[in-house]
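Below: the structure, in structure tokens.
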Amino acid sequence: MDVNAFLDGFALVTEPQNLLYCLIGVLIGMLIGVLPGLGPAATIAILLPITYSIDPVSAIIMLAGIYYGAQYGGTITSVLLRLPGEASSVVTVFDGFALAKQGKAGTALGIAAIGSFVGATVSILGLTLVAPLIAGWALNFGDPEYAALALLGVLLVATIGNGNKLKAMIAAALGLLLATVGRDSFTGAERFTFGSLQLTEGIDFVVVAMGLFGVGEILYNLEERHGKPHVPAVVTNIWPSRKDIKQSSGAIGRGSLIGFVLGVLPGGGAVMSSLAAYAAEKRISKHPERFGRGAIEGVAAPETANNAAATSSFIPLLTLGIPANASMAMLFGALLILGISPGPQLVEERPDLFWGVINSMYIGNLILLILSIPLVGVFVRILRVRPAILAPITALITILGVYTINNSTFDIFVMIVFGLIGYLMKKIGFEPGPMVLAFVLGSIVENGFRRSMLIFDGDPTGFFTRPISGTILAAFVLVALWPVAKSILARRKAATVAPAPTERDDVDTPTR
Amino acid sequence: MRTTNHLLAATAGVAALALSACGVSNTTGGSGDGEEYPAGGVEMYVGASAGGSSDLISRAVSKGLSDELGASFPVINQEGANGALAANKVAKAKADGKTIAIQNASLFAITPLAVSEDEVTDLADFDVVQGVSRDDYVMVTGPKSGFKSLDDIKAATKKVTYATTGVGTGAQLSCGLTYASADIDAEAVPFDGGAPALTAVLGNQVDTACIQVGEAIENIESGKLTPLSVFGPERVEYLPEVPTAKEQGLDVEVSQYRFMTVPKGTPDNVKDTIAEAMQATFKTEEYQAFNKQNSLTPMEISGDEVVAQLDEDKKRFADLVEQYGLDLGQG
């Protein structure tokens with residue numbers, strides 16, 4: 001790393017003009033992050049014409065700010081309204097919304113902000129120090145590895161839920177099935193599209209998530225609260241206590257690492273990171289039963305991880321010229337318009353831009369943390385609004401959000417259908433979380449597996465002989481067998497302590 | 001499924017509203033016959049998500065048209081079915097030139113070879129106004145593959161894998177025809193777009209890939225990828241060292257090109273206005289710099305010439321695919 005260039009980058013960022021664009025960027029990002037559907041990619045596209053007229057470095061600092069600023073905003077709707085705007089914040093809903101119901105929305109949002117800041121900062125440090133190294137590693141991560149990783153993800157999905165395991169698995173299976181809708185990307189054949197051109201591209205994640213979580217919740221509440229007087233939610237903690245921070249510090253540390261490493265992988269890294277961070281916390285915890293019922297680590301881990309991942313997804317763009325997601329693709333386009341080609345030569349050709357943008361992220365994240373503190377107090381008041389007013393507003397946000405994805409009214413109707421499904425699922429005790437996450441992972445597993453088989457020329461042993469995919473599959477086996485091993489061990493222990501008739505043991509052991 | 005991040009278009013809609021409002025106030029004040037085209041703004045659909053070359057070209061032309069005609073031309077992304085969804089929007093719109101789109105040749109000449117008949121977009125639903133530019137494909141290989149030229153690949157003893165940017169794309173057709181006509185044992189590995197295909201070939205997950213020049217050029221220039229062939233009628237200005245497939249003795253000529261379309265039956269004066277404004281845009285320095293930056297070759301021919309080229313390509317591709325028994329999809 002060129003230390004001088006790095007320091008010059010800081011000098012560049014602290015110019016008043018660049019600081020201003022950084023502030024504007026993160027502010028816009030945070031605001032659009034609040035509205036599900038309207039994502040950073042769309043916003044960057046709209047603001048693209050403005051970049052023609054300003055200095056390239058300032059322009060990219062602003063556009064990058066929109067991207068990571070949006071990651072902060074996305075938490076707010078997940079926690080307060082149960083509306084995860086993107087796949088990487090689905091797991092935040094589990095404990096975040098539970099905390100909000102207990103009057104601890106402020107705690108959840110505060111910890112999420114702190115975690116996001118720490119995760120992003122750790123990730124920027126990684127970006128500063130080891131970007132080229134880790135970029136090479138990301139290239140070794142091919143389809144067999146994605147398939148194995150996503151398969152592990154599906155297994156985690158089935159175990160992270162807090163309710164009935166069987167029901168979680170059924171929901172996950174349905175999610176996998178939903179992922180098959182659309183044109184097969186290998187043969188061009190239509191699958192479950194019923195002749196509808198609108199379905200050829202598959203169903204969008206936001207449509208499914210808004211329907212199952214958002215609309216489903218609204219419908220369920222309408223029935224629950226029918227005729228009952230409105231009791232304003234108690235909002236106790238506005239800001240996390242010392243104890244909360246202490247309790248989540250481990251989760252934030254581990255989330256940062258998981259997020260940084262997985263975020264480098266183009267395609268699916270961010271979703272996997274929040275899921276993996278959540279699952280890791282639940283496994284490590286001495287009281288896993290708290291998860292899903294308002295465990296603060298359940299908010300800290302995924303929020304830290306998805307911000308760390310969002311930041312490290314700059315690595316493939318800046319060092320390899322590969323955009324890892326739609327927002328990165330927009331930034332790629334913006335750089336091209338400004339006359340800069342992102343790629344391996346960027347750091348030598350335009351060190352000012354490379355280090356200017358990276359260093360602006362240190363400052364941008366600090367601004368976001370400072371902005372978040374007073375805003376948490378404002379946002380938690382949303383919960384005091386009576387449902388009769390809040391429900392229609394939430395419905396409006398979901399409809400607007402879904403429409404904006406692809407300017408399609410068809411998507412709105414699909415979302416309403418998913419809303420009804422979400423309502424029915426809740427009535428009969430199914431969680432939407434496993435279904436949504438399995439839906440996201442399903443196409444990664446399928447495409448990864450089928451592409452691998454093409455690459456391996458039909459020989460499945462390739463999955464086990466490649467070092468990374470082999471390791472992931474070994475982890476898969478371990479995770480799958482762990483509960484079985486644990487119960488056998490527990491039984492042995494019980495047997496040695498109190499040698500009771502063995503037939504009885506079989507009946508007693510299943511506990512949840 | 002679509003990834004969550006592809007949430008592009010939305011805002012374009014909001015911006016469109018805001019901008020078209022401005023457009024109205026601009027035009028109503030001045031001229032007496034307030035209904036002169038393009039009063040009130042024009043919606044420009046694009047059948048791809050924001051950030052890709054189709055989108056960027058539409059945005060560059062949109063900016064040029066706005067500057068030339070003094071009205072807004074908001075770009076509305078409607079991704080899906082290789083661009084068929086956006087095409088449908090234009091085909092069904094009123095033929096007044098208020099709904100237009102820059103479309104890709106592949107949707108009309110290549111995609112029909114890969115999808116079922118009822119999903120085929122018909123060129124007869126549109127009037128082609130003006131050609132825009134050509135976007136060439138290049139076949140590349142990673143440094144660890146050991147291949148330096150097409151001849152090395154011909155001599156390969158094992159099956160060669162090639163990444164494409166998806167089913168029914170020019171990338172698939174160009175690579176597929178090359179291997180089929182050179183009689184090389186090869187396997188297509190379709191990816192969802194150029195970026196993942198590029199990643200795969202950079203990481204040596206596949207032996208070769210056919211992708212658009214603009215997506216590969218940085219890594220070619222830095223020596224991380226070796227270019228083997230381009231597929232245009234002549235060499236590409238941006239990669240002068242790389243021979244065409246024709247030069248290497250293969251009957252393969254595939255390129256992506258884009259052109260402005262309006263609904264069938266749009267009045268001639270509207271079409272002329274659009275074509276003239278586009279030609280004026282092509283002359284601006286800003287637009288020419290844009291082409292260069294994105295490795296695009298100008299193909300600023302008339303609408304009739306585009307149609308003739310499309311008809312010829314369509315027939316030629318269908319014949320070649322049949323001749324070599326190439327399977328692009330379900331057919």
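Every chain in the structure tokens takes a letter, A first, then B, and so on in the order presented; its residues are numbered from 1, and the ligands are numbered from 1 following the presented order.
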Produce a table with one row for each residue of chain A that has an atom at most 7 Å from any atom of chain B, each row naming the nearest atom pair and its distance in Å at one decimal; use only C-alpha atoms; arrange rows by chain and rising residue number; format as JSON lines.
{"residue": "A:Gly37", "atom": "CA", "partner": "B:Leu7", "partner_atom": "CA", "distance": 6.3}
{"residue": "A:Leu38", "atom": "CA", "partner": "B:Leu7", "partner_atom": "CA", "distance": 6.3}
{"residue": "A:Gly39", "atom": "CA", "partner": "B:Leu7", "partner_atom": "CA", "distance": 5.7}
{"residue": "A:Ala41", "atom": "CA", "partner": "B:Leu8", "partner_atom": "CA", "distance": 5.7}
{"residue": "A:Ala42", "atom": "CA", "partner": "B:Leu8", "partner_atom": "CA", "distance": 3.9}
{"residue": "A:Thr43", "atom": "CA", "partner": "B:Thr11", "partner_atom": "CA", "distance": 6.5}
{"residue": "A:Ala45", "atom": "CA", "partner": "B:Ala50", "partner_atom": "CA", "distance": 6.7}
{"residue": "A:Ile46", "atom": "CA", "partner": "B:Ala12", "partner_atom": "CA", "distance": 6.2}
{"residue": "A:Glu86", "atom": "CA", "partner": "B:Thr4", "partner_atom": "CA", "distance": 6.0}
{"residue": "A:Ala87", "atom": "CA", "partner": "B:Thr4", "partner_atom": "CA", "distance": 6.7}
{"residue": "A:Leu139", "atom": "CA", "partner": "B:Gly203", "partner_atom": "CA", "distance": 4.4}
{"residue": "A:Asn140", "atom": "CA", "partner": "B:Gly203", "partner_atom": "CA", "distance": 5.5}
{"residue": "A:Gly142", "atom": "CA", "partner": "B:Gln205", "partner_atom": "CA", "distance": 6.0}
{"residue": "A:Ala179", "atom": "CA", "partner": "B:Met1", "partner_atom": "CA", "distance": 6.0}
{"residue": "A:Gly182", "atom": "CA", "partner": "B:Met1", "partner_atom": "CA", "distance": 6.9}
{"residue": "A:Ser185", "atom": "CA", "partner": "B:Val167", "partner_atom": "CA", "distance": 6.2}
{"residue": "A:Phe186", "atom": "CA", "partner": "B:Pro190", "partner_atom": "CA", "distance": 6.0}
{"residue": "A:Thr187", "atom": "CA", "partner": "B:Gly329", "partner_atom": "CA", "distance": 4.4}
{"residue": "A:Gly188", "atom": "CA", "partner": "B:Gly329", "partner_atom": "CA", "distance": 5.3}
{"residue": "A:Ala189", "atom": "CA", "partner": "B:Gln330", "partner_atom": "CA", "distance": 6.2}
{"residue": "A:Leu197", "atom": "CA", "partner": "B:Leu85", "partner_atom": "CA", "distance": 7.0}
{"residue": "A:Thr200", "atom": "CA", "partner": "B:Ala81", "partner_atom": "CA", "distance": 5.9}
{"residue": "A:Glu201", "atom": "CA", "partner": "B:Gly80", "partner_atom": "CA", "distance": 5.3}
{"residue": "A:Gly202", "atom": "CA", "partner": "B:Met1", "partner_atom": "CA", "distance": 4.3}
{"residue": "A:Ile203", "atom": "CA", "partner": "B:Met1", "partner_atom": "CA", "distance": 5.4}
{"residue": "A:Asp204", "atom": "CA", "partner": "B:Arg2", "partner_atom": "CA", "distance": 5.1}
{"residue": "A:Phe205", "atom": "CA", "partner": "B:Thr4", "partner_atom": "CA", "distance": 5.4}
{"residue": "A:Val206", "atom": "CA", "partner": "B:Thr4", "partner_atom": "CA", "distance": 6.1}
{"residue": "A:Ile322", "atom": "CA", "partner": "B:Ala195", "partner_atom": "CA", "distance": 5.8}
{"residue": "A:Pro323", "atom": "CA", "partner": "B:Ala195", "partner_atom": "CA", "distance": 6.5}
{"residue": "A:Asn325", "atom": "CA", "partner": "B:Asn5", "partner_atom": "CA", "distance": 6.6}
{"residue": "A:Ala326", "atom": "CA", "partner": "B:Asn5", "partner_atom": "CA", "distance": 5.2}
{"residue": "A:Ser327", "atom": "CA", "partner": "B:Asn5", "partner_atom": "CA", "distance": 6.8}
{"residue": "A:Ala329", "atom": "CA", "partner": "B:Gly51", "partner_atom": "CA", "distance": 5.0}
{"residue": "A:Met330", "atom": "CA", "partner": "B:Gly51", "partner_atom": "CA", "distance": 4.3}
{"residue": "A:Gly333", "atom": "CA", "partner": "B:Gly51", "partner_atom": "CA", "distance": 5.3}
{"residue": "A:Leu336", "atom": "CA", "partner": "B:Gln293", "partner_atom": "CA", "distance": 6.2}
{"residue": "A:Ile337", "atom": "CA", "partner": "B:Phe290", "partner_atom": "CA", "distance": 6.6}
{"residue": "A:Gly339", "atom": "CA", "partner": "B:Gln293", "partner_atom": "CA", "distance": 6.3}
{"residue": "A:Ser341", "atom": "CA", "partner": "B:Glu218", "partner_atom": "CA", "distance": 6.9}
{"residue": "A:Gly343", "atom": "CA", "partner": "B:Glu218", "partner_atom": "CA", "distance": 5.8}
{"residue": "A:Pro344", "atom": "CA", "partner": "B:Ser222", "partner_atom": "CA", "distance": 6.8}
{"residue": "A:Gln345", "atom": "CA", "partner": "B:Ser222", "partner_atom": "CA", "distance": 6.7}
{"residue": "A:Thr404", "atom": "CA", "partner": "B:Ala10", "partner_atom": "CA", "distance": 3.6}
{"residue": "A:Ile405", "atom": "CA", "partner": "B:Leu7", "partner_atom": "CA", "distance": 4.2}
{"residue": "A:Asn406", "atom": "CA", "partner": "B:Gln78", "partner_atom": "CA", "distance": 5.5}
{"residue": "A:Asn407", "atom": "CA", "partner": "B:Ala10", "partner_atom": "CA", "distance": 5.9}
{"residue": "A:Ser443", "atom": "CA", "partner": "B:Met1", "partner_atom": "CA", "distance": 6.7}
{"residue": "A:Arg451", "atom": "CA", "partner": "B:Val189", "partner_atom": "CA", "distance": 6.1}
{"residue": "A:Leu454", "atom": "CA", "partner": "B:Val189", "partner_atom": "CA", "distance": 6.4}
{"residue": "A:Ile455", "atom": "CA", "partner": "B:Thr161", "partner_atom": "CA", "distance": 6.6}
In segment 166-248 of chain B, what's strand (DSSP E) per DSSP? Answer as number ranges by chain?
B: 186-190, 208-212, 226-230
Please provide the set of residues having any atom within 6 Å of segment 228-238 of chain B, restricted to only C-alpha atoms, with same-chain residues fewer than 5 positions apart removed, written as a short mmCIF file (atom, residue, chain, number, x, y, z; two decimals) with all heavy atoms, in the first residue's frame.
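part-v5.cif, written as the output of this step:
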data_model
loop_
_atom_site.label_atom_id
_atom_site.label_comp_id
_atom_site.auth_asym_id
_atom_site.auth_seq_id
_atom_site.Cartn_x
_atom_site.Cartn_y
_atom_site.Cartn_z
N TYR B 137 -18.57 -8.19 -29.31
CA TYR B 137 -18.22 -9.25 -28.36
C TYR B 137 -16.77 -9.64 -28.57
O TYR B 137 -16.25 -9.55 -29.68
CB TYR B 137 -19.09 -10.49 -28.59
CG TYR B 137 -20.55 -10.25 -28.33
CD1 TYR B 137 -21.43 -10.06 -29.38
CD2 TYR B 137 -21.04 -10.19 -27.03
CE1 TYR B 137 -22.78 -9.82 -29.15
CE2 TYR B 137 -22.38 -9.96 -26.79
CZ TYR B 137 -23.24 -9.78 -27.85
OH TYR B 137 -24.56 -9.54 -27.61
N VAL B 138 -16.15 -10.05 -27.49
CA VAL B 138 -14.78 -10.53 -27.59
C VAL B 138 -14.68 -11.85 -26.83
O VAL B 138 -15.32 -12.02 -25.79
CB VAL B 138 -13.77 -9.49 -27.04
CG1 VAL B 138 -14.06 -9.14 -25.59
CG2 VAL B 138 -12.34 -9.97 -27.17
N MET B 139 -13.91 -12.80 -27.40
CA MET B 139 -13.68 -14.04 -26.68
C MET B 139 -12.38 -13.88 -25.90
O MET B 139 -11.36 -13.50 -26.46
CB MET B 139 -13.57 -15.23 -27.64
CG MET B 139 -13.44 -16.56 -26.90
SD MET B 139 -12.98 -17.91 -27.99
CE MET B 139 -14.56 -18.40 -28.62
N VAL B 140 -12.45 -14.13 -24.60
CA VAL B 140 -11.26 -13.96 -23.76
C VAL B 140 -10.97 -15.24 -23.00
O VAL B 140 -11.84 -16.10 -22.85
CB VAL B 140 -11.46 -12.82 -22.72
CG1 VAL B 140 -11.48 -11.48 -23.39
CG2 VAL B 140 -12.71 -13.05 -21.90
N SER B 149 -4.22 -18.48 -28.31
CA SER B 149 -4.90 -18.19 -29.57
C SER B 149 -5.99 -19.24 -29.81
O SER B 149 -6.06 -20.24 -29.10
CB SER B 149 -3.90 -18.24 -30.72
OG SER B 149 -3.46 -19.58 -30.88
N PRO B 243 -7.67 -10.18 -33.84
CA PRO B 243 -8.26 -10.51 -35.14
C PRO B 243 -9.74 -10.87 -35.03
O PRO B 243 -10.21 -11.31 -33.97
CB PRO B 243 -7.45 -11.73 -35.59
CG PRO B 243 -6.95 -12.34 -34.34
CD PRO B 243 -6.76 -11.23 -33.36
N THR B 244 -10.46 -10.69 -36.12
CA THR B 244 -11.86 -11.12 -36.14
C THR B 244 -11.90 -12.62 -36.37
O THR B 244 -10.91 -13.24 -36.78
CB THR B 244 -12.63 -10.44 -37.29
OG1 THR B 244 -12.05 -10.87 -38.53
CG2 THR B 244 -12.56 -8.93 -37.19
N ALA B 245 -13.06 -13.20 -36.12
CA ALA B 245 -13.23 -14.63 -36.35
C ALA B 245 -13.09 -14.94 -37.83
O ALA B 245 -12.51 -15.97 -38.22
CB ALA B 245 -14.59 -15.08 -35.83
N GLU B 253 -19.96 -14.13 -37.57
CA GLU B 253 -20.03 -12.67 -37.47
C GLU B 253 -21.26 -12.33 -36.63
O GLU B 253 -22.38 -12.44 -37.10
CB GLU B 253 -20.11 -12.03 -38.85
CG GLU B 253 -19.96 -10.53 -38.79
CD GLU B 253 -20.32 -9.86 -40.11
OE1 GLU B 253 -19.83 -10.30 -41.16
OE2 GLU B 253 -21.11 -8.89 -40.06
N VAL B 254 -21.04 -11.96 -35.37
CA VAL B 254 -22.13 -11.65 -34.47
C VAL B 254 -21.78 -10.36 -33.74
O VAL B 254 -20.68 -10.23 -33.21
CB VAL B 254 -22.33 -12.77 -33.41
CG1 VAL B 254 -23.49 -12.42 -32.49
CG2 VAL B 254 -22.55 -14.12 -34.06
N SER B 255 -22.69 -9.40 -33.73
CA SER B 255 -22.46 -8.25 -32.85
C SER B 255 -23.80 -7.75 -32.35
O SER B 255 -24.84 -8.03 -32.94
CB SER B 255 -21.69 -7.14 -33.56
OG SER B 255 -22.39 -6.74 -34.70
#
Once DSSP has gone over the backbone, tell me which residues of segment 2-163 of chain A are in alpha helix (DSSP H), as a VMD selection string.
chain A and resid 3 to 13 16 to 34 40 to 51 56 to 81 90 to 101 105 to 140 143 to 160
Find the residues around Met361 of chain A up to 12 Å (only C-alpha atoms counted), leave out those fewer than 5 positions away in its own chain, and share them as JSON, numbers by chain.
{"A": [9, 10, 13, 14, 18, 19, 21, 22, 23, 25, 26, 60, 61, 62, 63, 64, 65, 66, 67, 68, 69, 117, 120, 121, 122, 123, 124, 125, 127, 128, 307, 308, 310, 311, 312, 314, 354, 355, 356, 366, 367, 368]}
Skipping near chain neighbours, those fewer than 4 positions away, what residues fall within 12 Å of Thr107 of chain A using only C-alpha atoms, listed as a ChimeraX atom specification?
/A:76,79-80,95-103,111-115,235-245,247-248,294-297,299-300,373,376-377,380
Can you pull out every residue within 8 Å of Ser58 of chain B, counting only C-alpha atoms, but drop anything in the same chain fewer than 5 positions away, and send it as a tab-separated table (two decimals) with N, CA and C atoms, in the first residue's frame?
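Final output, saved to result-v3.tsv:
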chain	number	residue	atom	x	y	z
B	44	MET	N	-38.87	7.12	-22.37
B	44	MET	CA	-37.94	6.24	-23.07
B	44	MET	C	-37.76	4.96	-22.27
B	46	VAL	N	-36.36	1.23	-21.38
B	46	VAL	CA	-35.18	0.42	-21.65
B	46	VAL	C	-35.39	-0.95	-20.99
B	75	VAL	N	-35.72	8.19	-18.83
B	75	VAL	CA	-35.48	6.77	-19.09
B	75	VAL	C	-36.21	5.94	-18.04
B	101	ALA	N	-38.20	3.69	-27.49
B	101	ALA	CA	-37.20	2.85	-26.83
B	101	ALA	C	-36.04	2.56	-27.76
B	102	ILE	N	-34.86	2.57	-27.20
B	102	ILE	CA	-33.70	2.07	-27.93
B	102	ILE	C	-33.66	0.57	-27.64
Write out as a PDB file with N, CA and C atoms, in the first residue's frame the residues lying within 10 Å of Arg134 of chain B, counting only C-alpha atoms and excluding same-chain residues fewer than 3 positions away.
ATOM      1  N   ASN B 104     -32.390  -3.624 -28.565  1.00  0.00           N
ATOM      2  CA  ASN B 104     -31.212  -4.402 -28.924  1.00  0.00           C
ATOM      3  C   ASN B 104     -31.506  -5.341 -30.081  1.00  0.00           C
ATOM      4  N   ALA B 105     -30.548  -5.472 -30.988  1.00  0.00           N
ATOM      5  CA  ALA B 105     -30.722  -6.381 -32.119  1.00  0.00           C
ATOM      6  C   ALA B 105     -30.940  -7.816 -31.649  1.00  0.00           C
ATOM      7  N   GLY B 131     -30.340   4.092 -36.379  1.00  0.00           N
ATOM      8  CA  GLY B 131     -29.336   3.228 -35.755  1.00  0.00           C
ATOM      9  C   GLY B 131     -28.545   4.010 -34.725  1.00  0.00           C
ATOM     10  N   TYR B 137     -18.573  -8.190 -29.309  1.00  0.00           N
ATOM     11  CA  TYR B 137     -18.223  -9.248 -28.363  1.00  0.00           C
ATOM     12  C   TYR B 137     -16.767  -9.636 -28.570  1.00  0.00           C
ATOM     13  N   GLY B 232     -17.013  -8.945 -34.891  1.00  0.00           N
ATOM     14  CA  GLY B 232     -17.651  -7.962 -35.768  1.00  0.00           C
ATOM     15  C   GLY B 232     -17.252  -8.172 -37.213  1.00  0.00           C
ATOM     16  N   SER B 255     -22.685  -9.401 -33.727  1.00  0.00           N
ATOM     17  CA  SER B 255     -22.459  -8.252 -32.849  1.00  0.00           C
ATOM     18  C   SER B 255     -23.800  -7.746 -32.352  1.00  0.00           C
ATOM     19  N   GLN B 256     -23.726  -7.048 -31.241  1.00  0.00           N
ATOM     20  CA  GLN B 256     -24.937  -6.441 -30.698  1.00  0.00           C
ATOM     21  C   GLN B 256     -25.001  -5.035 -31.261  1.00  0.00           C
ATOM     22  N   TYR B 257     -26.168  -4.597 -31.728  1.00  0.00           N
ATOM     23  CA  TYR B 257     -26.303  -3.197 -32.089  1.00  0.00           C
ATOM     24  C   TYR B 257     -27.648  -2.700 -31.615  1.00  0.00           C
ATOM     25  N   ARG B 258     -27.731  -1.405 -31.475  1.00  0.00           N
ATOM     26  CA  ARG B 258     -28.932  -0.830 -30.890  1.00  0.00           C
ATOM     27  C   ARG B 258     -29.495   0.245 -31.799  1.00  0.00           C
ATOM     28  N   PHE B 259     -30.808   0.434 -31.703  1.00  0.00           N
ATOM     29  CA  PHE B 259     -31.472   1.372 -32.609  1.00  0.00           C
ATOM     30  C   PHE B 259     -32.728   1.914 -31.942  1.00  0.00           C
ATOM     31  N   ASN B 291     -19.130   7.181 -26.235  1.00  0.00           N
ATOM     32  CA  ASN B 291     -18.918   5.979 -27.049  1.00  0.00           C
ATOM     33  C   ASN B 291     -17.539   5.386 -26.801  1.00  0.00           C
ATOM     34  N   SER B 295     -16.407   1.757 -25.169  1.00  0.00           N
ATOM     35  CA  SER B 295     -15.945   0.886 -26.260  1.00  0.00           C
ATOM     36  C   SER B 295     -17.050   0.583 -27.267  1.00  0.00           C
ATOM     37  N   LEU B 296     -17.832   1.594 -27.612  1.00  0.00           N
ATOM     38  CA  LEU B 296     -18.915   1.403 -28.577  1.00  0.00           C
ATOM     39  C   LEU B 296     -18.476   1.936 -29.934  1.00  0.00           C
ATOM     40  N   THR B 297     -18.873   1.227 -30.991  1.00  0.00           N
ATOM     41  CA  THR B 297     -18.569   1.678 -32.345  1.00  0.00           C
ATOM     42  C   THR B 297     -19.814   2.318 -32.933  1.00  0.00           C
ATOM     43  N   PRO B 298     -19.721   3.564 -33.403  1.00  0.00           N
ATOM     44  CA  PRO B 298     -20.927   4.205 -33.955  1.00  0.00           C
ATOM     45  C   PRO B 298     -21.520   3.384 -35.095  1.00  0.00           C
ATOM     46  N   MET B 299     -22.839   3.274 -35.122  1.00  0.00           N
ATOM     47  CA  MET B 299     -23.526   2.586 -36.218  1.00  0.00           C
ATOM     48  C   MET B 299     -24.748   3.443 -36.510  1.00  0.00           C
ATOM     49  N   GLU B 300     -24.435   4.657 -36.965  1.00  0.00           N
ATOM     50  CA  GLU B 300     -25.481   5.672 -37.058  1.00  0.00           C
ATOM     51  C   GLU B 300     -26.154   5.640 -38.421  1.00  0.00           C
TER      52      GLU B 300
END
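Nearest to Lys154 of chain B of all the residues B:Ala318, B:Cys210, B:Cys175, B:Ile184 is B:Ile184, based on only C-alpha atoms.
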